[in-house]
>>> print(open('data.cif').read())   # mmCIF, C-alpha atoms (C1' of nucleotides)
data_target
#
loop_
_atom_site.label_atom_id
_atom_site.label_comp_id
_atom_site.auth_asym_id
_atom_site.auth_seq_id
_atom_site.Cartn_x
_atom_site.Cartn_y
_atom_site.Cartn_z
CA MET J 1 0.00 0.00 0.00
CA THR J 2 2.57 2.47 1.12
CA GLU J 3 5.17 3.55 -1.40
CA THR J 4 4.73 0.46 -3.55
CA LYS J 5 5.18 2.54 -6.65
CA LYS J 6 8.85 3.35 -6.13
CA ARG J 7 11.86 1.63 -7.50
CA ALA J 8 13.36 -1.11 -5.35
CA ASP J 9 16.71 0.60 -4.80
CA ALA J 10 14.95 3.80 -3.83
CA ARG J 11 12.98 2.00 -1.14
CA ARG J 12 16.09 0.25 0.08
CA ASN J 13 18.01 3.51 0.33
CA GLN J 14 15.17 5.24 2.12
CA GLN J 15 15.19 2.53 4.77
CA ALA J 16 18.98 2.60 5.01
CA LEU J 17 18.78 6.34 5.56
CA LEU J 18 16.20 5.98 8.31
CA ASP J 19 18.38 3.42 10.07
CA ALA J 20 21.53 5.47 9.58
CA ALA J 21 19.83 8.64 10.78
CA ALA J 22 18.47 6.93 13.86
CA ALA J 23 21.93 5.65 14.72
CA ALA J 24 23.57 9.00 13.98
CA PHE J 25 21.00 10.85 16.10
CA VAL J 26 21.77 8.61 19.04
CA ALA J 27 25.50 9.00 18.57
CA SER J 28 25.72 12.72 17.81
CA GLY J 29 22.33 14.34 18.37
CA VAL J 30 19.72 15.38 15.85
CA ASP J 31 21.96 18.07 14.42
CA VAL J 32 24.61 15.63 13.26
CA PRO J 33 26.07 16.77 9.91
CA VAL J 34 24.15 15.60 6.87
CA ARG J 35 27.31 14.15 5.38
CA ASP J 36 27.75 11.89 8.39
CA ILE J 37 24.31 10.40 7.91
CA ALA J 38 24.98 9.91 4.22
CA ALA J 39 28.27 8.17 4.97
CA ARG J 40 26.63 5.87 7.51
CA ALA J 41 23.96 4.90 5.02
CA GLY J 42 26.53 4.47 2.27
CA VAL J 43 24.83 6.94 -0.05
CA GLY J 44 25.61 10.39 -1.45
CA VAL J 45 24.23 13.54 0.13
CA GLY J 46 21.99 14.09 -2.89
CA THR J 47 20.10 10.94 -1.98
CA ILE J 48 19.24 12.32 1.44
CA TYR J 49 17.75 15.46 -0.01
CA ARG J 50 15.81 13.48 -2.59
CA HIS J 51 14.10 11.40 0.08
CA PHE J 52 13.92 13.99 2.81
CA PRO J 53 13.84 17.53 1.42
CA THR J 54 14.47 19.08 4.81
CA ARG J 55 16.22 17.81 7.88
CA ALA J 56 12.90 18.10 9.69
CA ASP J 57 11.34 15.51 7.39
CA LEU J 58 14.05 13.06 8.33
CA ILE J 59 13.64 13.69 12.04
CA VAL J 60 9.90 13.33 11.81
CA ALA J 61 10.26 10.07 9.90
CA VAL J 62 12.68 8.66 12.46
CA TYR J 63 10.55 9.52 15.47
CA ARG J 64 7.07 9.20 14.00
CA HIS J 65 6.30 5.89 15.72
CA GLN J 66 7.24 7.20 19.15
CA VAL J 67 5.28 10.40 18.71
CA GLU J 68 2.24 8.44 17.61
CA ALA J 69 2.58 6.17 20.62
CA CYS J 70 2.75 9.20 22.90
CA ALA J 71 -0.30 10.73 21.28
CA GLU J 72 -2.28 7.54 21.62
CA ALA J 73 -1.33 7.11 25.23
CA GLY J 74 -3.26 10.26 26.15
CA PRO J 75 -6.82 8.96 26.11
CA ALA J 76 -5.69 5.64 27.57
CA LEU J 77 -4.10 7.37 30.55
CA LEU J 78 -7.22 9.39 31.11
CA GLU J 79 -9.24 6.19 31.59
CA ARG J 80 -6.81 4.44 33.83
CA SER J 81 -5.73 7.31 36.11
CA ALA J 82 -7.19 8.30 39.44
CA THR J 83 -7.82 11.90 38.44
CA PRO J 84 -7.57 13.88 35.21
CA HIS J 85 -4.71 15.87 36.69
CA ALA J 86 -2.85 12.66 37.41
CA ALA J 87 -3.42 11.58 33.82
CA LEU J 88 -2.08 14.88 32.57
CA ALA J 89 0.98 14.58 34.78
CA ALA J 90 1.61 11.03 33.64
CA TRP J 91 1.22 11.93 30.00
CA ILE J 92 3.60 14.85 30.30
CA ASP J 93 6.06 12.50 31.98
CA LEU J 94 5.86 10.29 28.93
CA PHE J 95 6.57 13.23 26.66
CA VAL J 96 9.47 14.40 28.78
CA ASP J 97 10.95 10.90 28.82
CA PHE J 98 10.81 10.90 25.07
CA LEU J 99 12.40 14.30 24.66
CA ILE J 100 15.27 13.96 27.07
CA THR J 101 16.45 10.73 25.52
CA LYS J 102 16.77 12.38 22.10
CA HIS J 103 19.84 14.53 22.30
CA GLY J 104 19.21 17.92 20.76
CA LEU J 105 15.59 17.28 19.83
CA ALA J 106 14.17 19.68 22.38
CA GLU J 107 16.52 22.35 21.09
CA ALA J 108 15.54 21.70 17.49
CA LEU J 109 11.86 21.78 18.38
CA GLN J 110 12.12 25.32 19.63
CA SER J 111 14.48 26.59 16.98
CA ASP J 112 13.00 29.35 14.87
CA ASP J 113 15.10 28.20 11.93
CA ALA J 114 12.84 27.81 8.91
CA ALA J 115 14.25 24.33 8.27
CA PHE J 116 12.59 23.07 11.45
CA GLN J 117 9.21 24.50 10.58
CA THR J 118 7.70 21.16 9.63
CA LEU J 119 9.17 19.46 12.70
CA HIS J 120 7.54 22.02 14.88
CA ALA J 121 4.28 21.70 12.97
CA TYR J 122 4.19 17.92 13.18
CA PHE J 123 4.73 17.78 16.92
CA LEU J 124 2.18 20.49 17.48
CA ASP J 125 -0.45 19.00 15.19
CA ARG J 126 -0.11 15.60 16.75
CA LEU J 127 0.34 16.38 20.43
CA VAL J 128 -1.39 19.66 21.18
CA PRO J 129 -4.88 18.23 20.62
CA VAL J 130 -4.11 15.35 22.95
CA CYS J 131 -2.83 17.77 25.56
CA ALA J 132 -5.88 19.96 25.06
CA HIS J 133 -8.11 16.99 25.69
CA LEU J 134 -6.37 16.15 28.95
CA LEU J 135 -6.41 19.77 29.98
CA GLU J 136 -10.11 19.96 29.33
CA ALA J 137 -10.80 16.85 31.37
CA ALA J 138 -8.83 18.34 34.24
CA ALA J 139 -10.45 21.75 33.88
CA GLY J 140 -11.92 21.68 37.37
CA GLU J 141 -8.65 21.25 39.18
CA ILE J 142 -6.26 23.44 37.22
CA VAL J 143 -5.85 27.11 36.44
CA SER J 144 -7.61 28.07 33.24
CA ASP J 145 -5.35 30.61 31.58
CA VAL J 146 -2.74 28.30 30.10
CA ASP J 147 -3.67 26.47 26.93
CA ALA J 148 -2.30 23.25 25.49
CA PHE J 149 0.03 25.01 23.10
CA GLN J 150 1.72 27.01 25.80
CA LEU J 151 2.00 24.06 28.12
CA MET J 152 3.58 21.86 25.46
CA ARG J 153 5.96 24.60 24.55
CA GLY J 154 6.91 25.27 28.13
CA VAL J 155 7.53 21.59 28.79
CA GLY J 156 9.57 21.32 25.61
CA ASN J 157 11.62 24.31 26.64
CA LEU J 158 12.31 22.88 30.07
CA CYS J 159 13.72 19.77 28.44
CA ILE J 160 16.48 21.73 26.76
CA GLY J 161 19.82 20.97 28.29
CA ALA J 162 18.75 17.75 29.96
CA GLY J 163 21.86 15.62 29.98
CA ASP J 164 23.63 18.13 32.19
CA PRO J 165 23.80 16.21 35.47
CA ARG J 166 23.23 19.42 37.43
CA TYR J 167 19.92 20.01 35.69
CA ASP J 168 16.87 17.84 36.26
CA ALA J 169 14.33 18.68 33.59
CA ARG J 170 11.89 16.14 34.95
CA ARG J 171 11.84 17.84 38.31
CA LEU J 172 11.21 21.30 36.88
CA VAL J 173 8.44 20.05 34.64
CA ALA J 174 6.86 18.43 37.67
CA LEU J 175 7.05 21.78 39.43
CA LEU J 176 5.37 23.46 36.50
CA VAL J 177 2.57 20.89 36.50
CA THR J 178 2.17 21.39 40.22
CA GLY J 179 1.84 25.10 39.64
CA LEU J 180 -0.97 24.33 37.23
CA ARG J 181 -3.14 22.87 39.95
CA THR J 182 -5.47 25.14 41.89
CA ARG J 183 -5.00 25.25 45.64
CA GLU J 184 -8.57 24.14 46.27
CA SER J 185 -8.09 20.76 44.67
CA GLY J 186 -6.10 19.16 47.51
CA GLY J 187 -2.88 17.17 47.50
CA GLY J 188 0.47 18.31 48.84
CA ALA J 189 3.61 19.61 47.16
CA MET Q 1 41.17 53.96 35.22
CA THR Q 2 39.95 51.37 32.81
CA GLU Q 3 41.97 50.58 29.70
CA THR Q 4 43.92 53.85 29.79
CA LYS Q 5 46.99 52.07 28.45
CA LYS Q 6 45.65 51.36 24.97
CA ARG Q 7 46.07 53.31 21.80
CA ALA Q 8 43.45 55.97 21.11
CA ASP Q 9 42.13 54.39 17.92
CA ALA Q 10 41.83 51.05 19.66
CA ARG Q 11 39.65 52.52 22.37
CA ARG Q 12 37.55 54.34 19.81
CA ASN Q 13 36.99 51.18 17.83
CA GLN Q 14 36.12 49.17 20.89
CA GLN Q 15 33.41 51.66 21.77
CA ALA Q 16 32.19 51.77 18.18
CA LEU Q 17 31.93 48.00 18.25
CA LEU Q 18 29.94 47.98 21.46
CA ASP Q 19 27.51 50.51 20.02
CA ALA Q 20 27.27 48.70 16.70
CA ALA Q 21 26.76 45.35 18.40
CA ALA Q 22 24.05 46.72 20.66
CA ALA Q 23 22.22 48.11 17.65
CA ALA Q 24 22.70 44.94 15.62
CA PHE Q 25 21.47 42.77 18.50
CA VAL Q 26 18.30 44.81 18.70
CA ALA Q 27 17.78 44.69 14.96
CA SER Q 28 18.67 41.07 14.26
CA GLY Q 29 19.14 39.22 17.53
CA VAL Q 30 22.33 38.23 19.30
CA ASP Q 31 23.27 35.80 16.55
CA VAL Q 32 23.55 38.49 13.90
CA PRO Q 33 26.47 37.71 11.54
CA VAL Q 34 29.83 39.02 12.69
CA ARG Q 35 30.32 40.79 9.38
CA ASP Q 36 27.16 42.80 9.91
CA ILE Q 37 28.43 44.10 13.22
CA ALA Q 38 31.79 44.94 11.66
CA ALA Q 39 30.08 46.80 8.83
CA ARG Q 40 27.92 48.78 11.22
CA ALA Q 41 30.98 49.77 13.21
CA GLY Q 42 32.91 50.58 10.07
CA VAL Q 43 35.77 48.20 10.91
CA GLY Q 44 37.08 44.92 9.52
CA VAL Q 45 36.16 41.59 11.04
CA GLY Q 46 39.67 41.14 12.36
CA THR Q 47 39.12 44.10 14.65
CA ILE Q 48 36.14 42.41 16.27
CA TYR Q 49 38.13 39.32 17.09
CA ARG Q 50 41.00 41.38 18.43
CA HIS Q 51 38.76 43.14 20.93
CA PHE Q 52 36.34 40.32 21.61
CA PRO Q 53 37.93 36.92 21.03
CA THR Q 54 34.58 35.13 21.20
CA ARG Q 55 31.08 36.24 20.41
CA ALA Q 56 30.24 35.59 24.04
CA ASP Q 57 32.70 38.27 25.14
CA LEU Q 58 30.92 40.79 22.98
CA ILE Q 59 27.50 39.81 24.27
CA VAL Q 60 28.71 39.97 27.85
CA ALA Q 61 30.24 43.39 27.26
CA VAL Q 62 27.04 44.73 25.74
CA TYR Q 63 24.76 43.48 28.50
CA ARG Q 64 27.10 43.71 31.48
CA HIS Q 65 25.42 46.79 32.94
CA GLN Q 66 21.99 45.24 32.84
CA VAL Q 67 23.13 41.97 34.33
CA GLU Q 68 24.88 43.84 37.12
CA ALA Q 69 21.76 45.85 37.78
CA CYS Q 70 19.73 42.67 37.99
CA ALA Q 71 22.21 41.07 40.36
CA GLU Q 72 22.23 44.10 42.61
CA ALA Q 73 18.45 44.27 42.70
CA GLY Q 74 18.28 40.94 44.53
CA PRO Q 75 19.21 42.01 48.06
CA ALA Q 76 17.28 45.25 47.62
CA LEU Q 77 14.11 43.37 46.77
CA LEU Q 78 14.55 41.12 49.75
CA GLU Q 79 14.42 44.12 52.07
CA ARG Q 80 11.50 45.83 50.47
CA SER Q 81 9.19 42.85 49.81
CA ALA Q 82 6.44 41.47 52.02
CA THR Q 83 7.83 37.93 52.05
CA PRO Q 84 11.00 36.27 50.78
CA HIS Q 85 8.94 34.33 48.26
CA ALA Q 86 7.53 37.58 46.93
CA ALA Q 87 11.07 38.94 46.62
CA LEU Q 88 12.12 35.84 44.72
CA ALA Q 89 9.14 36.16 42.40
CA ALA Q 90 9.85 39.83 41.79
CA TRP Q 91 13.51 39.21 41.12
CA ILE Q 92 12.77 36.45 38.65
CA ASP Q 93 10.33 38.80 36.95
CA LEU Q 94 13.17 41.24 36.51
CA PHE Q 95 15.36 38.57 34.98
CA VAL Q 96 12.60 37.40 32.66
CA ASP Q 97 11.93 40.97 31.54
CA PHE Q 98 15.57 41.31 30.68
CA LEU Q 99 15.77 38.05 28.75
CA ILE Q 100 12.65 38.36 26.68
CA THR Q 101 13.60 41.78 25.41
CA LYS Q 102 16.91 40.47 24.03
CA HIS Q 103 16.02 38.53 20.95
CA GLY Q 104 17.88 35.23 20.90
CA LEU Q 105 19.71 35.71 24.18
CA ALA Q 106 17.81 33.01 26.02
CA GLU Q 107 18.58 30.62 23.20
CA ALA Q 108 22.25 31.52 23.24
CA LEU Q 109 22.41 31.12 27.00
CA GLN Q 110 21.35 27.50 26.80
CA SER Q 111 23.33 26.61 23.71
CA ASP Q 112 25.94 23.97 24.34
CA ASP Q 113 28.14 25.51 21.66
CA ALA Q 114 31.63 26.01 23.08
CA ALA Q 115 31.64 29.61 21.83
CA PHE Q 116 28.95 30.50 24.36
CA GLN Q 117 30.76 28.91 27.26
CA THR Q 118 31.89 32.22 28.76
CA LEU Q 119 28.45 33.74 28.27
CA HIS Q 120 26.93 30.89 30.21
CA ALA Q 121 29.62 31.16 32.84
CA TYR Q 122 29.21 34.90 33.30
CA PHE Q 123 25.47 34.76 33.78
CA LEU Q 124 25.80 31.85 36.16
CA ASP Q 125 28.61 33.36 38.20
CA ARG Q 126 26.82 36.62 38.55
CA LEU Q 127 23.21 35.56 39.04
CA VAL Q 128 23.17 32.12 40.64
CA PRO Q 129 24.58 33.38 43.96
CA VAL Q 130 21.93 36.09 44.07
CA CYS Q 131 19.23 33.56 43.35
CA ALA Q 132 20.66 31.21 45.95
CA HIS Q 133 20.49 33.97 48.52
CA LEU Q 134 16.83 34.64 47.77
CA LEU Q 135 16.08 30.94 47.78
CA GLU Q 136 17.73 30.57 51.15
CA ALA Q 137 15.74 33.44 52.60
CA ALA Q 138 12.56 31.84 51.35
CA ALA Q 139 13.56 28.38 52.53
CA GLY Q 140 10.60 28.04 54.86
CA GLU Q 141 7.94 28.53 52.25
CA ILE Q 142 9.32 26.64 49.25
CA VAL Q 143 10.22 23.10 48.34
CA SER Q 144 13.83 22.31 49.09
CA ASP Q 145 14.97 20.07 46.28
CA VAL Q 146 15.54 22.67 43.59
CA ASP Q 147 18.71 24.71 43.78
CA ALA Q 148 19.52 28.11 42.36
CA PHE Q 149 21.30 26.72 39.33
CA GLN Q 150 18.38 24.62 38.25
CA LEU Q 151 15.88 27.36 38.86
CA MET Q 152 17.86 29.89 36.82
CA ARG Q 153 18.27 27.40 34.06
CA GLY Q 154 14.61 26.50 34.04
CA VAL Q 155 13.59 30.13 33.94
CA GLY Q 156 16.06 30.81 31.15
CA ASN Q 157 14.70 27.88 29.20
CA LEU Q 158 11.14 29.05 29.58
CA CYS Q 159 12.11 32.38 28.05
CA ILE Q 160 13.11 30.74 24.79
CA GLY Q 161 10.68 31.59 22.05
CA ALA Q 162 9.16 34.55 23.79
CA GLY Q 163 8.17 36.87 20.98
CA ASP Q 164 5.72 34.31 19.67
CA PRO Q 165 2.41 35.96 20.54
CA ARG Q 166 0.87 32.57 21.34
CA TYR Q 167 3.50 31.92 24.01
CA ASP Q 168 3.62 33.82 27.28
CA ALA Q 169 6.94 33.05 28.92
CA ARG Q 170 6.14 35.30 31.83
CA ARG Q 171 3.01 33.32 32.65
CA LEU Q 172 4.78 29.96 32.58
CA VAL Q 173 7.61 31.22 34.74
CA ALA Q 174 5.02 32.46 37.20
CA LEU Q 175 3.50 28.99 37.22
CA LEU Q 176 6.88 27.47 37.91
CA VAL Q 177 7.48 29.84 40.79
CA THR Q 178 4.04 29.00 42.14
CA GLY Q 179 4.92 25.33 41.99
CA LEU Q 180 7.94 26.12 44.10
CA ARG Q 181 5.84 27.19 47.02
CA THR Q 182 4.75 24.62 49.58
CA ARG Q 183 1.03 24.23 50.09
CA GLU Q 184 1.32 24.99 53.78
CA SER Q 185 2.48 28.54 53.23
CA GLY Q 186 -0.88 30.02 52.19
CA GLY Q 187 -1.85 32.26 49.31
CA GLY Q 188 -3.95 31.29 46.31
CA ALA Q 189 -2.99 30.26 42.78
"C1'" DC S 1 60.73 63.50 11.57
"C1'" DA S 2 61.80 58.68 11.96
"C1'" DC S 3 60.90 54.47 13.72
"C1'" DG S 4 59.03 50.59 16.39
"C1'" DA S 5 55.07 48.84 18.48
"C1'" DT S 6 50.33 48.52 18.02
"C1'" DA S 7 46.22 47.93 15.56
"C1'" DC S 8 43.78 47.48 11.28
"C1'" DG S 9 41.48 45.34 7.05
"C1'" DG S 10 40.01 41.94 4.52
"C1'" DA S 11 41.53 37.93 1.82
"C1'" DA S 12 41.81 33.17 2.72
"C1'" DC S 13 40.38 29.14 5.05
"C1'" DA S 14 37.23 25.78 7.49
"C1'" DC S 15 32.84 23.76 7.76
"C1'" DG S 16 28.22 22.61 7.14
"C1'" DG S 17 23.90 22.96 4.38
"C1'" DT S 18 22.07 22.75 -0.31
"C1'" DT S 19 21.89 22.37 -5.35
"C1'" DC S 20 22.80 20.52 -9.79
"C1'" DC S 21 23.98 17.62 -13.39
"C1'" DG S 22 26.56 13.85 -15.63
"C1'" DT S 23 26.43 8.89 -14.74
"C1'" DT S 24 24.39 4.59 -13.32
"C1'" DT S 25 20.76 1.34 -12.84
"C1'" DA S 26 16.10 -0.81 -12.30
"C1'" DG S 27 12.43 -2.41 -14.70
"C1'" DC S 28 10.11 -3.31 -18.78
"C1'" DA S 29 9.27 -4.60 -23.40
"C1'" DA S 30 10.74 -6.51 -27.71
"C1'" DT V 1 18.71 -11.67 -23.54
"C1'" DT V 2 19.17 -7.32 -24.87
"C1'" DG V 3 18.03 -2.41 -25.51
"C1'" DC V 4 15.93 1.50 -23.95
"C1'" DT V 5 14.07 5.08 -20.87
"C1'" DA V 6 12.82 7.10 -16.76
"C1'" DA V 7 14.15 6.99 -12.13
"C1'" DA V 8 17.60 7.42 -8.90
"C1'" DC V 9 22.31 8.10 -7.61
"C1'" DG V 10 26.87 10.40 -6.25
"C1'" DG V 11 29.49 13.87 -5.14
"C1'" DA V 12 31.64 18.11 -6.93
"C1'" DA V 13 30.52 22.76 -6.59
"C1'" DC V 14 28.34 26.59 -4.38
"C1'" DC V 15 26.93 29.61 -0.59
"C1'" DG V 16 26.86 31.74 3.88
"C1'" DT V 17 29.26 32.14 8.40
"C1'" DG V 18 32.72 31.80 11.77
"C1'" DT V 19 37.75 32.27 12.34
"C1'" DT V 20 42.65 33.03 11.28
"C1'" DC V 21 46.57 35.34 9.43
"C1'" DC V 22 49.60 38.58 7.65
"C1'" DG V 23 50.86 42.63 4.83
"C1'" DT V 24 49.74 47.45 5.54
"C1'" DA V 25 48.56 51.65 7.99
"C1'" DT V 26 48.62 54.33 12.08
"C1'" DC V 27 49.80 56.01 16.65
"C1'" DG V 28 52.73 58.04 19.66
"C1'" DT V 29 57.31 58.65 21.29
"C1'" DG V 30 62.26 60.00 21.19
#
>>> encode(input="data.cif", output="structure tokens")
Amino acid sequence: MTETKKRADARRNQQALLDAAAAAFVASGVDVPVRDIAARAGVGVGTIYRHFPTRADLIVAVYRHQVEACAEAGPALLERSATPHAALAAWIDLFVDFLITKHGLAEALQSDDAAFQTLHAYFLDRLVPVCAHLLEAAAGEIVSDVDAFQLMRGVGNLCIGAGDPRYDARRLVALLVTGLRTRESGGGA
Amino acid sequence: MTETKKRADARRNQQALLDAAAAAFVASGVDVPVRDIAARAGVGVGTIYRHFPTRADLIVAVYRHQVEACAEAGPALLERSATPHAALAAWIDLFVDFLITKHGLAEALQSDDAAFQTLHAYFLDRLVPVCAHLLEAAAGEIVSDVDAFQLMRGVGNLCIGAGDPRYDARRLVALLVTGLRTRESGGGA
DNA sequence: CACGATACGGAACACGGTTCCGTTTAGCAA
DNA sequence: TTGCTAAACGGAACCGTGTTCCGTATCGTG
């Protein structure tokens, strides 16, 4: 169904590039030089640009599965959690776990470089609605003047620089989520 | 007193560079091309590097006064505020105001690029102790497992991407500071 | 005024992203 | 099997930026 129309070598190279990029991202972060990825995959740089016109397309392709999984976990968590706020917290944890294990991804996500436009757009399109849904469900126990977009962005920002042992992004995000809760809704710090 | 030993043209150029850089930063952000700054100042690029070996040195020189002012405001706020937590909140507000008006500075501050090492170091050296002092004063009413370094870093991170009208860095920082407060210490969200 | 130290300018280099085009190859049809 | 064409490939070349280097110009002093 998917991509059946392409030439066999093209499909092979596309897969090789995805594998090479995934490995390169782990080894050197998502801003690893294009030439390095090409070398790993055993192809020329032209081939990268043919399959993935922008670096963002490549990043999206590599992480698509994980982003989808994160998006789908939202509604599931809502069912299985004690309170909507707990579900929100758990879901954000999931997102943070994802981000901090991808060296440089949080940075790229917030970059205003035009090349990362589609990366930004993909994450937003896919995750903001899920976040909005959770936020809505928790409406009674959280402050109302922060929307899903801002929250996602703030969380993403806080994940920048994770990897520095002196900085615990998870902890700060937790603090932010705590700040979201109204004082009337019980529970300690 | 300062720099009296240098040649007259050297001092003139240094000042011209500071002025040009300040203007260029406002117009195009702190990552404006070096050549643009040189052109504005009417000097060659070599002259920039002679006076400011790294871009960070130039940025530090341009913003030194404002950073100093922010640092000095800490103790003052502590005296004049109702509670230590209020002083902390006010001081962080000051810092956020500073950061969000300097296009690209927050981004540069968190960059792991070696060129920004001294920028990072200067801000940390100057501001973390002040923050630590405020944190210590407020010890009774805030959670204890976040230190000054982490807080400064988190706040800096949250300021990335301010300028986007959909994103209110100030609001998110406020939320973070709220999350810092223990539930026993009163006051609403 | 002459001369040495100081500072200057900008060409040259390094490096990474991106484009372009001559060459190779897959896939099909004779 | 072979010939042909469109698809895909490789990598040299190009561009923009940071950085270095050195021949030239200037300052300031004796």
>>> residues_around(input="data.cif", residues="Pro33 (chain J)", least_positions_apart="2", cutoff="12 Å", atoms="only C-alpha atoms (C1' of nucleotides)", output="ChimeraX atom specification")
/J:21,24-25,27-31,35-40,45,48,55 /S:15-17
>>> write_last_selection(input="data.cif", atoms="C-alpha atoms (C1' of nucleotides)", output="PDB file, in the coordinates of the input")
ATOM      1  CA  ALA J  21      19.830   8.640  10.780  1.00  0.00           C
ATOM      2  CA  ALA J  24      23.570   9.000  13.980  1.00  0.00           C
ATOM      3  CA  PHE J  25      21.000  10.850  16.100  1.00  0.00           C
ATOM      4  CA  ALA J  27      25.500   9.000  18.570  1.00  0.00           C
ATOM      5  CA  SER J  28      25.720  12.720  17.810  1.00  0.00           C
ATOM      6  CA  GLY J  29      22.330  14.340  18.370  1.00  0.00           C
ATOM      7  CA  VAL J  30      19.720  15.380  15.850  1.00  0.00           C
ATOM      8  CA  ASP J  31      21.960  18.070  14.420  1.00  0.00           C
ATOM      9  CA  ARG J  35      27.310  14.150   5.380  1.00  0.00           C
ATOM     10  CA  ASP J  36      27.750  11.890   8.390  1.00  0.00           C
ATOM     11  CA  ILE J  37      24.310  10.400   7.910  1.00  0.00           C
ATOM     12  CA  ALA J  38      24.980   9.910   4.220  1.00  0.00           C
ATOM     13  CA  ALA J  39      28.270   8.170   4.970  1.00  0.00           C
ATOM     14  CA  ARG J  40      26.630   5.870   7.510  1.00  0.00           C
ATOM     15  CA  VAL J  45      24.230  13.540   0.130  1.00  0.00           C
ATOM     16  CA  ILE J  48      19.240  12.320   1.440  1.00  0.00           C
ATOM     17  CA  ARG J  55      16.220  17.810   7.880  1.00  0.00           C
TER      18      ARG J  55
ATOM     19  C1'  DC S  15      32.840  23.760   7.760  1.00  0.00           C
ATOM     20  C1'  DG S  16      28.220  22.610   7.140  1.00  0.00           C
ATOM     21  C1'  DG S  17      23.900  22.960   4.380  1.00  0.00           C
TER      22       DG S  17
END
>>> resolve_selection(input="data.cif", expression="the PyMOL selection byres ((chain Q) within 9 of (chain V))", output="ChimeraX atom specification")
/Q:7-9,33-35,46,49
>>> atom_distance(input="data.cif", atom1="CA of Leu77 (chain Q)", atom2="CA of Ala89 (chain Q)")
9.8 Å
>>> axis_aligned_box(input="data.cif", around="region 38-49 of chain J", padding_each_side="5 Å", output="lines of an AutoDock Vina configuration file")
center_x = 23.0
center_y = 10.0
center_z = 2.3
size_x = 20.5
size_y = 21.0
size_z = 20.4
>>> resolve_selection(input="data.cif", expression="the PyMOL selection byres ((chain J and resi 86) around 12)", output="PyMOL selection string")
chain J and resi 74+77-85+87-93+134-135+137-138+141-142+174+177-178+180-181+187
>>> resolve_selection(input="data.cif", expression="the PyMOL selection byres ((chain S) within 12 of (chain J))", output="number ranges by chain")
S: 15-21, 25-27
>>> interface_residues(input="data.cif", of="chain Q", to="chain J", cutoff="7 Å", atoms="all atoms listed in the file", output="PyMOL selection string")
chain Q and resi 110+150+154+157-158+160-161+167+172+175-176+178-180+182-183+188-189
>>> atom_distance(input="data.cif", atom1="CA of Gln117 (chain J)", atom2="CA of Val60 (chain J)")
11.3 Å
>>> atom_distance(input="data.cif", atom1="CA of Glu136 (chain Q)", atom2="CA of Leu99 (chain Q)")
23.7 Å
>>> residues_around(input="data.cif", residues="region 68-71 of chain Q", least_positions_apart="4", cutoff="12 Å", atoms="only C-alpha atoms (C1' of nucleotides)", output="number ranges by chain")
Q: 60-64, 75-77, 90-99, 122-134
